[in-house]
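Enquirer: What follows is the file input_4.pdb, containing PDB, C-alpha atoms, pLDDT in the B column:
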```
ATOM      1  CA  MET A   1     -29.597  20.349  -0.389  1.00 49.00           C
ATOM      2  CA  GLU A   2     -26.620  21.503  -2.366  1.00 54.00           C
ATOM      3  CA  THR A   3     -24.447  19.132  -4.356  1.00 55.00           C
ATOM      4  CA  THR A   4     -21.261  19.714  -6.280  1.00 58.00           C
ATOM      5  CA  GLU A   5     -20.243  18.375  -9.662  1.00 58.00           C
ATOM      6  CA  VAL A   6     -17.589  15.742  -8.976  1.00 56.00           C
ATOM      7  CA  THR A   7     -16.266  13.563 -11.771  1.00 65.00           C
ATOM      8  CA  GLY A   8     -13.156  11.999 -10.210  1.00 85.00           C
ATOM      9  CA  TRP A   9     -12.747   9.036  -7.927  1.00 93.00           C
ATOM     10  CA  GLU A  10     -13.197   9.583  -4.188  1.00 95.00           C
ATOM     11  CA  THR A  11     -12.786   7.358  -1.146  1.00 96.00           C
ATOM     12  CA  ALA A  12     -15.988   6.259   0.594  1.00 97.00           C
ATOM     13  CA  VAL A  13     -16.549   4.242   3.747  1.00 98.00           C
ATOM     14  CA  LEU A  14     -19.621   2.187   4.687  1.00 98.00           C
ATOM     15  CA  ASP A  15     -21.011   2.697   8.178  1.00 97.00           C
ATOM     16  CA  GLY A  16     -23.007  -0.003   9.995  1.00 95.00           C
ATOM     17  CA  GLY A  17     -24.605  -3.180   8.752  1.00 93.00           C
ATOM     18  CA  PRO A  18     -22.832  -6.238   7.376  1.00 92.00           C
ATOM     19  CA  ALA A  19     -20.199  -4.257   5.432  1.00 94.00           C
ATOM     20  CA  ASP A  20     -19.302  -1.873   8.283  1.00 96.00           C
ATOM     21  CA  GLY A  21     -15.936  -0.210   7.724  1.00 97.00           C
ATOM     22  CA  LEU A  22     -15.567  -1.306   4.098  1.00 96.00           C
ATOM     23  CA  ARG A  23     -13.660   1.325   2.121  1.00 97.00           C
ATOM     24  CA  MET A  24     -13.957   1.791  -1.633  1.00 96.00           C
ATOM     25  CA  LYS A  25     -13.504   4.254  -4.463  1.00 96.00           C
ATOM     26  CA  VAL A  26     -16.643   5.828  -5.950  1.00 95.00           C
ATOM     27  CA  SER A  27     -17.187   8.093  -8.913  1.00 94.00           C
ATOM     28  CA  ASP A  28     -19.711  10.936  -9.120  1.00 91.00           C
ATOM     29  CA  ARG A  29     -20.905  10.494  -5.509  1.00 94.00           C
ATOM     30  CA  PRO A  30     -23.710   7.945  -5.980  1.00 95.00           C
ATOM     31  CA  ARG A  31     -26.721   8.352  -3.682  1.00 96.00           C
ATOM     32  CA  VAL A  32     -26.947   4.631  -2.908  1.00 96.00           C
ATOM     33  CA  ILE A  33     -24.469   1.749  -2.836  1.00 97.00           C
ATOM     34  CA  GLN A  34     -25.741  -1.819  -3.021  1.00 96.00           C
ATOM     35  CA  VAL A  35     -23.802  -4.601  -1.301  1.00 95.00           C
ATOM     36  CA  THR A  36     -24.595  -8.263  -1.964  1.00 93.00           C
ATOM     37  CA  TYR A  37     -23.544 -11.408  -0.146  1.00 89.00           C
ATOM     38  CA  PRO A  38     -24.038 -14.912  -1.566  1.00 89.00           C
ATOM     39  CA  CYS A  39     -26.371 -17.214   0.359  1.00 87.00           C
ATOM     40  CA  GLN A  40     -26.079 -20.982   0.463  1.00 83.00           C
ATOM     41  CA  VAL A  41     -28.924 -22.858  -1.161  1.00 81.00           C
ATOM     42  CA  GLU A  42     -29.738 -26.513  -0.607  1.00 80.00           C
ATOM     43  CA  ALA A  43     -29.778 -29.031  -3.464  1.00 71.00           C
ATOM     44  CA  SER A  44     -28.459 -26.524  -5.984  1.00 62.00           C
ATOM     45  CA  GLN A  45     -27.293 -27.990  -9.261  1.00 69.00           C
ATOM     46  CA  PRO A  46     -24.281 -26.553 -11.083  1.00 73.00           C
ATOM     47  CA  GLY A  47     -25.492 -23.564 -13.055  1.00 72.00           C
ATOM     48  CA  GLY A  48     -28.793 -23.664 -11.144  1.00 76.00           C
ATOM     49  CA  ALA A  49     -30.493 -21.142  -8.897  1.00 78.00           C
ATOM     50  CA  ARG A  50     -28.545 -18.954  -6.525  1.00 81.00           C
ATOM     51  CA  ALA A  51     -29.565 -16.486  -3.844  1.00 86.00           C
ATOM     52  CA  GLU A  52     -27.959 -13.268  -2.620  1.00 90.00           C
ATOM     53  CA  ALA A  53     -28.678 -11.038   0.352  1.00 92.00           C
ATOM     54  CA  VAL A  54     -28.967  -7.375  -0.694  1.00 93.00           C
ATOM     55  CA  TYR A  55     -28.068  -4.456   1.574  1.00 95.00           C
ATOM     56  CA  LEU A  56     -28.330  -0.743   0.806  1.00 96.00           C
ATOM     57  CA  TYR A  57     -26.121   2.080   2.028  1.00 97.00           C
ATOM     58  CA  ARG A  58     -27.273   5.677   1.557  1.00 97.00           C
ATOM     59  CA  ARG A  59     -24.963   8.654   1.224  1.00 97.00           C
ATOM     60  CA  ASP A  60     -24.617  10.986   4.204  1.00 97.00           C
ATOM     61  CA  TYR A  61     -24.982  14.434   2.592  1.00 96.00           C
ATOM     62  CA  THR A  62     -23.528  16.188   5.649  1.00 96.00           C
ATOM     63  CA  VAL A  63     -20.110  14.746   4.743  1.00 95.00           C
ATOM     64  CA  THR A  64     -18.701  16.784   1.850  1.00 91.00           C
ATOM     65  CA  SER A  65     -15.051  15.705   1.825  1.00 93.00           C
ATOM     66  CA  GLU A  66     -13.196  12.401   1.724  1.00 94.00           C
ATOM     67  CA  PRO A  67     -13.859   9.882   2.958  1.00 96.00           C
ATOM     68  CA  LEU A  68     -17.498  10.131   1.930  1.00 97.00           C
ATOM     69  CA  ARG A  69     -19.794   8.247   4.281  1.00 98.00           C
ATOM     70  CA  TYR A  70     -22.609   5.854   3.448  1.00 98.00           C
ATOM     71  CA  GLY A  71     -24.911   4.683   6.233  1.00 97.00           C
ATOM     72  CA  PHE A  72     -26.611   1.296   6.377  1.00 97.00           C
ATOM     73  CA  ASP A  73     -30.308   1.437   5.484  1.00 95.00           C
ATOM     74  CA  ILE A  74     -31.964  -0.846   8.032  1.00 91.00           C
ATOM     75  CA  ALA A  75     -35.135  -0.891   5.908  1.00 87.00           C
ATOM     76  CA  SER A  76     -33.356  -2.174   2.806  1.00 73.00           C
ATOM     77  CA  PRO A  77     -35.062  -5.133   1.158  1.00 66.00           C
TER      78      PRO A  77
END
```
Let me see the file written as structure tokens.
Expert:
Amino acid sequence: METTEVTGWETAVLDGGPADGLRMKVSDRPRVIQVTYPCQVEASQPGGARAEAVYLYRRDYTVTSEPLRYGFDIASP
């Protein structure tokens, strides 16, 4: 695997999963992007507990130019 030193902002797109098609700017080509969605909780008091669903997207190293592509990791926690 060969990587290049990139320090500027690049466009990335998420592929699959709950954030399919979401476009964003990333710096330094991160290996993983984490997406969170708030979940409703019952009987929550103001300032109390909250819950979020966490989804992971992993970089597709075969894509070397913009837009970078991140694929949904079905095994994410």
Enquirer: Hey, can you check how far CA of Arg23 in chain A sits from CA of Leu68 in chain A?
Expert: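 CA of Arg23 in chain A sits 9.6 Å away from CA of Leu68 in chain A.
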Enquirer: Taking the file as shown, what set of residues would the PyMOL selection byres ((chain A and resi 28-33) around 8) give back, as a count of residues only?
Expert: 15
Enquirer: When you draw a straight line from CA of Phe72 in chain A to CA of Val41 in chain A, how long is it in Å?
Expert: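 Answer for the CA of Phe72 in chain A to CA of Val41 in chain A separation: 25.4 Å.
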Enquirer: Between CA of Gly17 in chain A and CA of Cys39 in chain A, what distance in Å does the model show, to one decimal?
Expert: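 So the two atoms, CA of Gly17 in chain A and CA of Cys39 in chain A, lie 16.4 Å apart.
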Enquirer: Going by the chain IDs and residue numbers used in this file, which residues fall under the PyMOL selection byres ((chain A and resi 15) around 7)? Write them as number ranges by chain.
Expert: A: 13-14, 16-17, 20-21, 69-72
Enquirer: If we draw a sphere of 12 Å around (-21.9, -16.5, 3.7), which residues have at least one atom in it when counting only C-alpha atoms? Please report them as a PyMOL selection string.
Expert: chain A and resi 18+36-41+51-53
Enquirer: For range 52-62 of chain A, take all atoms listed in the file, fit an axis-aligned box around them, add 4 Å to each of the six sides, then output centre and edge lengths in Å rounded to one decimal, as lines of an AutoDock Vina configuration file.
Expert:
```
center_x = -26.2
center_y = 1.5
center_z = 1.5
size_x = 13.4
size_y = 37.5
size_z = 16.3
```
